[in-house]
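Only one structure is covered here, and it is reproduced in the block below.
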Amino acid sequence: MRCTATAPSTTCTATPCRETQSRASSWTRRGVRRGVFQSAPSAVRVGSDRASRLQGPRCRAMEPDDGFGEETIADDIDSLFASLAQTRRGEMLFAEEMAKPDAEVCFVKAAGYVAMHRRPDLSRVDDALAEIDELAVELEKLLPPIAEGRFPLRTLKQISRFMFDPVEDGGLGFVGNGSDFYDPRNSCLDEVLATRKGIPITLSLIYMELARRVGVEMVGVNLPGRFMVRPVVHEMEVLVDCFNGGEILFVEDVEEMLGSFYGGGGGGGFPQNVF
């Protein structure tokens with residue numbers, strides 16, 4: 001027999017029928033056999049919880065001809081496992097990328113794999129990589145030819161203008177999303193490229209990748225309350241604050257900022273091993 005309720009518009013509170021429970025359990029076991037999860041107990045728990053929700057409060061009243069039955073539940077559970085498998089794929093691809101030697105790691109791909117927890121579509125990773133490549137080509141046009149020599153500081157200033165100037169002034173219009181800092185989209189590289197809004201680490205990643213493509217290697221610097229980047233250039237002690245419009249800071253600027261952060265008013269000494 002099937003679940004029934006007093007009226008089509010009411011919520012189903014009847015005990016799940018045995019056929020529905022059997023079908024949900026069958027699909028859960030099939031998901032485990034497919035290798036969607038590494039451990040069967042967790043798969044059973046996830047599948048059972050989902051099946052329970054389908055059978056319980058969220059299940060609307062079912063009339064004989066309303067089109068909602070065992071096939072609908074089976075399709076829903078199958079879609080659930082497919083979605084979880086895609087999300088899990090992003091985690092595995094990230095682990096594989098980070099296991100490579102440092103010189104071979106593509107941080108754009110790694111960040112894209114992390115973002116697959118929101119949109120598990122591998123093509124979005126390739127699209128993000130292609131967009132950064134295209135932006136670097138446009139940036140290259142604004143710089144003097146390599147043969148004429150490029151001063152690293154001037155290059156950084158041009159990158160900051162290119163990336164953070166408003167669109168009406170010829171820039172890309174990237175900004176730090178201070179008004180909605182904890183929006184999950186700020187942490188997803190593909191969405192930061194689309195919205196032009198991000199948090200320090202995602203904006204810094206785009207800056208670093210653009211700089212690398214025009215000949216300036218950079219690394220991240222994790223400071224109290226702020227993530228910045230610096231060029232790997234001998235005797236060049238500057239930091240770039242990508243959350244603050246790509247502002248270029250010298251040692252004295254950062255000492256003052258840290259002094260303010262710790263309430264000491266500046267002059268408290270610069271952290272070791274930053275440069």
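Going by the structure tokens order, chains are called A, B, ..., each with residues numbered from 1, while ligands are numbered from 1 in the order shown.
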TODO: Apply DSSP to the backbone of this structure and, from stretch 39-247 of chain A, keep only the residues in strand (DSSP E or B); write these as a list in words.
DONE: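 Written out, the strand (DSSP E or B) residues of stretch 39-247 of chain A are Arg60, Val175, Gly176, Lys197, Gly198, Met218, Val219, Gly220, Val221, Asn222, Leu223, Arg226, Phe227, Met228, Val229, Arg230, Pro231, Val238, Leu239, Val240, Asp241 and Glu247 of chain A.
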Restricting it to C-alpha atoms, dump the selection as a tab-separated table (two decimals), in the first residue's frame.
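What landed in selection07.tsv:
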chain	number	residue	atom	x	y	z
A	60	ARG	CA	3.10	15.98	0.27
A	175	VAL	CA	36.84	45.35	-5.07
A	176	GLY	CA	37.05	43.86	-1.61
A	197	LYS	CA	34.05	41.06	-5.60
A	198	GLY	CA	36.10	38.94	-3.22
A	218	MET	CA	54.79	36.70	-5.99
A	219	VAL	CA	53.97	34.87	-2.78
A	220	GLY	CA	51.30	35.23	-0.13
A	221	VAL	CA	51.92	36.83	3.28
A	222	ASN	CA	49.51	36.05	6.09
A	223	LEU	CA	49.46	38.98	8.52
A	226	ARG	CA	44.90	40.65	6.59
A	227	PHE	CA	46.28	38.50	3.77
A	228	MET	CA	48.64	40.26	1.34
A	229	VAL	CA	51.15	39.38	-1.37
A	230	ARG	CA	54.71	40.41	-2.03
A	231	PRO	CA	57.05	40.15	-5.03
A	238	VAL	CA	56.84	45.93	-0.44
A	239	LEU	CA	53.46	44.32	0.12
A	240	VAL	CA	50.31	44.61	-1.98
A	241	ASP	CA	46.98	44.89	-0.16
A	247	GLU	CA	47.54	49.47	-2.43
- [ ] Determine the nearest neighbour of A:Glu138 from the options A:Arg118, A:Leu249, A:Asp190, A:Leu172, counting only C-alpha atoms.
- [x]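 Checking each candidate against A:Glu138, we get A:Leu172 as the closest.
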Task: Which of A:Arg212, A:Arg124, A:His234, A:Lys157 sits closest to A:Ala194 [using only C-alpha atoms] - done: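 Comparing A:Arg212, A:Arg124, A:His234, A:Lys157 against A:Ala194, the winner is A:Arg124.
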Open item on the list: Can you pull out the residues contacting stretch 77-94 of chain A? Cut-off 6 Å, using only C-alpha atoms, and skip same-chain residues under 5 positions away; I want them as a ChimeraX atom specification.
Closed with: /A:36,110,113,116-117,120
Keeping only all heavy atoms, write the selected residues to a file as an mmCIF file, in the first residue's frame.
data_model
loop_
_atom_site.group_PDB
_atom_site.id
_atom_site.type_symbol
_atom_site.label_atom_id
_atom_site.label_comp_id
_atom_site.auth_asym_id
_atom_site.auth_seq_id
_atom_site.Cartn_x
_atom_site.Cartn_y
_atom_site.Cartn_z
ATOM 1 N N VAL A 36 30.432 5.824 -4.341
ATOM 2 C CA VAL A 36 30.271 7.261 -4.188
ATOM 3 C C VAL A 36 31.013 7.758 -2.959
ATOM 4 O O VAL A 36 31.601 8.818 -2.955
ATOM 5 C CB VAL A 36 28.766 7.616 -4.098
ATOM 6 C CG1 VAL A 36 28.582 9.092 -3.818
ATOM 7 C CG2 VAL A 36 28.060 7.209 -5.383
ATOM 8 N N ALA A 110 43.529 24.632 -8.333
ATOM 9 C CA ALA A 110 43.265 24.210 -6.954
ATOM 10 C C ALA A 110 42.107 25.009 -6.360
ATOM 11 O O ALA A 110 41.204 24.446 -5.726
ATOM 12 C CB ALA A 110 44.523 24.380 -6.103
ATOM 13 N N TYR A 113 38.859 23.863 -7.873
ATOM 14 C CA TYR A 113 38.373 22.588 -7.332
ATOM 15 C C TYR A 113 37.687 22.805 -5.975
ATOM 16 O O TYR A 113 36.687 22.158 -5.671
ATOM 17 C CB TYR A 113 39.532 21.607 -7.171
ATOM 18 C CG TYR A 113 40.197 21.222 -8.471
ATOM 19 C CD1 TYR A 113 41.580 20.947 -8.529
ATOM 20 C CD2 TYR A 113 39.477 21.129 -9.649
ATOM 21 C CE1 TYR A 113 42.193 20.596 -9.719
ATOM 22 C CE2 TYR A 113 40.097 20.787 -10.843
ATOM 23 C CZ TYR A 113 41.460 20.516 -10.865
ATOM 24 O OH TYR A 113 42.072 20.162 -12.046
ATOM 25 N N MET A 116 34.128 23.843 -6.284
ATOM 26 C CA MET A 116 33.180 22.865 -6.819
ATOM 27 C C MET A 116 32.171 22.405 -5.774
ATOM 28 O O MET A 116 31.195 21.744 -6.114
ATOM 29 C CB MET A 116 33.928 21.667 -7.402
ATOM 30 C CG MET A 116 34.586 21.960 -8.752
ATOM 31 S SD MET A 116 35.548 20.566 -9.422
ATOM 32 C CE MET A 116 34.215 19.411 -9.809
ATOM 33 N N HIS A 117 32.375 22.759 -4.504
ATOM 34 C CA HIS A 117 31.377 22.394 -3.498
ATOM 35 C C HIS A 117 30.082 23.177 -3.718
ATOM 36 O O HIS A 117 29.016 22.749 -3.295
ATOM 37 C CB HIS A 117 31.915 22.665 -2.089
ATOM 38 C CG HIS A 117 31.897 24.110 -1.692
ATOM 39 N ND1 HIS A 117 32.859 24.999 -2.123
ATOM 40 C CD2 HIS A 117 31.036 24.827 -0.931
ATOM 41 C CE1 HIS A 117 32.598 26.199 -1.625
ATOM 42 N NE2 HIS A 117 31.497 26.130 -0.904
ATOM 43 N N PRO A 120 29.396 22.039 -8.811
ATOM 44 C CA PRO A 120 30.288 20.920 -9.177
ATOM 45 C C PRO A 120 30.381 20.688 -10.681
ATOM 46 O O PRO A 120 30.004 19.641 -11.192
ATOM 47 C CB PRO A 120 29.636 19.729 -8.463
ATOM 48 C CG PRO A 120 28.198 20.081 -8.362
ATOM 49 C CD PRO A 120 28.138 21.570 -8.200
#
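When only C-alpha atoms are used to compute distances to A:Thr155, the closest of the residues A:Leu139, A:Ala95, A:Val192, A:Leu122 turns out to be A:Leu139.
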Open item on the list: as a ChimeraX atom specification, please: the residues near A:Glu97 (cut-off 12 Å, only C-alpha atoms, same-chain neighbours under 6 positions excluded).
Closed with: /A:90-91,103-114
